[in-house]
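Visitor: Take this structure, written in structure tokens, and hold onto it; I'll ask about it next.
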Amino acid sequence: SVSLPGNAGAQDKVALQGKWRAVEATSNGEPPPAGMLEKLTVVFVGESVSVMGSSPTRFTIDTSFRPAHIDILNSLRQVGIYELRGDALKLCVGTDGDRPKAFRTEKYTDHTYMLLKRVKE
């Protein structure tokens with residue numbers, strides 16, 4: 001479905017810009033291995049997003065849904081949901097077009113959840 005970008009979408013795209021670091025994360029219902037959390041960063045620059053230093057990939061958001069949708073247009077076809085509140089960003093993504101319904105992960109889902117805080121540069 002095609003929806004025209006609303007005002008909220010434009011505002012979110014601006015608010016997402018910059019670097020974020022995970023303060024909490026789970027994948028398949030498990031916490032990350034020791035030392036991994038500190039490396040979990042997400043950087044939004046313009047229309048692109050880079051996760052953990054990967055090469056930037058185009059992303060799109062759709063704020064007409066609750067929670068809002070984010071699609072990362074990479075080879076994994078990562079789709080997810082996010083919630084942006086000031087300097088806190090909740091992000092939960094799945095692969096192959098499998099969009100999570102909630103901000104948590106279960107075993108064998110290949111879903112990843114992150115609570116990120118804005119990094120003040």
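Residue numbering restarts at 1 in every chain; chains get A, B, ... in the order shown in the structure tokens, and ligands count up from 1 in that same order.
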Do a neighbour search on Ala22 of chain A at 8 Å with only C-alpha atoms, toss out local chain neighbours closer than 2 positions, and write the hits as a PDB file with N, CA, C and O atoms, in the first residue's frame.
Guide:
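Result went into selection18.pdb, see below:
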ATOM      1  N   TRP A  20      22.943   6.437  17.376  1.00  0.00           N
ATOM      2  CA  TRP A  20      22.222   5.853  18.506  1.00  0.00           C
ATOM      3  C   TRP A  20      23.004   4.647  19.008  1.00  0.00           C
ATOM      4  O   TRP A  20      23.592   3.915  18.222  1.00  0.00           O
ATOM      5  N   GLU A  24      19.916  -1.712  25.624  1.00  0.00           N
ATOM      6  CA  GLU A  24      19.197  -2.951  25.922  1.00  0.00           C
ATOM      7  C   GLU A  24      18.959  -3.624  24.572  1.00  0.00           C
ATOM      8  O   GLU A  24      18.713  -2.943  23.584  1.00  0.00           O
ATOM      9  N   ALA A  25      19.049  -4.947  24.527  1.00  0.00           N
ATOM     10  CA  ALA A  25      18.775  -5.637  23.261  1.00  0.00           C
ATOM     11  C   ALA A  25      18.477  -7.114  23.512  1.00  0.00           C
ATOM     12  O   ALA A  25      18.985  -7.703  24.468  1.00  0.00           O
ATOM     13  N   LEU A  37      26.683  -5.563  23.339  1.00  0.00           N
ATOM     14  CA  LEU A  37      25.746  -4.455  23.477  1.00  0.00           C
ATOM     15  C   LEU A  37      26.413  -3.115  23.148  1.00  0.00           C
ATOM     16  O   LEU A  37      25.853  -2.289  22.438  1.00  0.00           O
ATOM     17  N   GLU A  38      27.648  -2.927  23.649  1.00  0.00           N
ATOM     18  CA  GLU A  38      28.361  -1.663  23.440  1.00  0.00           C
ATOM     19  C   GLU A  38      28.609  -1.406  21.959  1.00  0.00           C
ATOM     20  O   GLU A  38      28.775  -0.268  21.532  1.00  0.00           O
ATOM     21  N   LEU A  40      26.550  -2.246  19.538  1.00  0.00           N
ATOM     22  CA  LEU A  40      25.291  -2.089  18.805  1.00  0.00           C
ATOM     23  C   LEU A  40      24.975  -0.614  18.603  1.00  0.00           C
ATOM     24  O   LEU A  40      24.440   0.040  19.487  1.00  0.00           O
ATOM     25  N   THR A  41      25.326  -0.118  17.433  1.00  0.00           N
ATOM     26  CA  THR A  41      25.036   1.270  17.113  1.00  0.00           C
ATOM     27  C   THR A  41      24.207   1.331  15.838  1.00  0.00           C
ATOM     28  O   THR A  41      24.301   0.449  14.974  1.00  0.00           O
ATOM     29  N   MET A 114      15.938  -3.622  20.028  1.00  0.00           N
ATOM     30  CA  MET A 114      16.937  -2.740  20.626  1.00  0.00           C
ATOM     31  C   MET A 114      16.262  -1.525  21.234  1.00  0.00           C
ATOM     32  O   MET A 114      15.350  -0.961  20.630  1.00  0.00           O
ATOM     33  N   LEU A 115      16.703  -1.155  22.427  1.00  0.00           N
ATOM     34  CA  LEU A 115      16.365   0.134  23.001  1.00  0.00           C
ATOM     35  C   LEU A 115      17.616   0.964  22.861  1.00  0.00           C
ATOM     36  O   LEU A 115      18.673   0.608  23.400  1.00  0.00           O
ATOM     37  N   LEU A 116      17.529   2.053  22.111  1.00  0.00           N
ATOM     38  CA  LEU A 116      18.699   2.874  21.799  1.00  0.00           C
ATOM     39  C   LEU A 116      18.571   4.257  22.402  1.00  0.00           C
ATOM     40  O   LEU A 116      17.470   4.799  22.510  1.00  0.00           O
ATOM     41  N   LYS A 117      19.719   4.795  22.808  1.00  0.00           N
ATOM     42  CA  LYS A 117      19.766   6.174  23.307  1.00  0.00           C
ATOM     43  C   LYS A 117      20.588   7.000  22.331  1.00  0.00           C
ATOM     44  O   LYS A 117      21.600   6.521  21.810  1.00  0.00           O
TER      45      LYS A 117
END
Visitor: Just list as an NGL selection string whatever in chain A DSSP marks as strand (DSSP E or B).
Guide: :A and (18-27 or 30 or 41-45 or 48-51 or 57-62 or 68-72 or 78-85 or 88-94 or 112-118)
Visitor: By how many Å are atom CA of Pro67 of chain A and atom CA of Met52 of chain A apart?
Guide: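 Calculated distance between atom CA of Pro67 of chain A and atom CA of Met52 of chain A is 23.6 Å.
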Visitor: Neighbours of Lys107 of chain A within 10 Å (only C-alpha atoms; same-chain residues fewer than 6 positions away dropped), as a list of chain:residue names?
Guide: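 My reading of the contact set: A:Ser27, A:Asn28, A:Gly29, A:Glu30.
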Visitor: Can those selected residues be exported to a file as a PDB file, in the first residue's frame so that it contains N, CA and C atoms?
Guide:
ATOM      1  N   SER A  27      17.692 -10.807  20.941  1.00  0.00           N
ATOM      2  CA  SER A  27      17.513 -11.393  19.617  1.00  0.00           C
ATOM      3  C   SER A  27      17.058 -12.827  19.836  1.00  0.00           C
ATOM      4  N   ASN A  28      15.967 -13.222  19.179  1.00  0.00           N
ATOM      5  CA  ASN A  28      15.410 -14.555  19.400  1.00  0.00           C
ATOM      6  C   ASN A  28      15.171 -14.836  20.880  1.00  0.00           C
ATOM      7  N   GLY A  29      14.783 -13.795  21.621  1.00  0.00           N
ATOM      8  CA  GLY A  29      14.475 -13.956  23.037  1.00  0.00           C
ATOM      9  C   GLY A  29      15.683 -14.010  23.952  1.00  0.00           C
ATOM     10  N   GLU A  30      16.893 -13.866  23.381  1.00  0.00           N
ATOM     11  CA  GLU A  30      18.120 -13.964  24.189  1.00  0.00           C
ATOM     12  C   GLU A  30      18.843 -12.617  24.227  1.00  0.00           C
TER      13      GLU A  30
END
Visitor: For Val43 of chain A, which residue among A:Arg66, A:Asn74, A:Thr26, A:Gly18 is the nearest when counting only C-alpha atoms?
Guide: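 Closest to Val43 of chain A, using only C-alpha atoms: A:Gly18.
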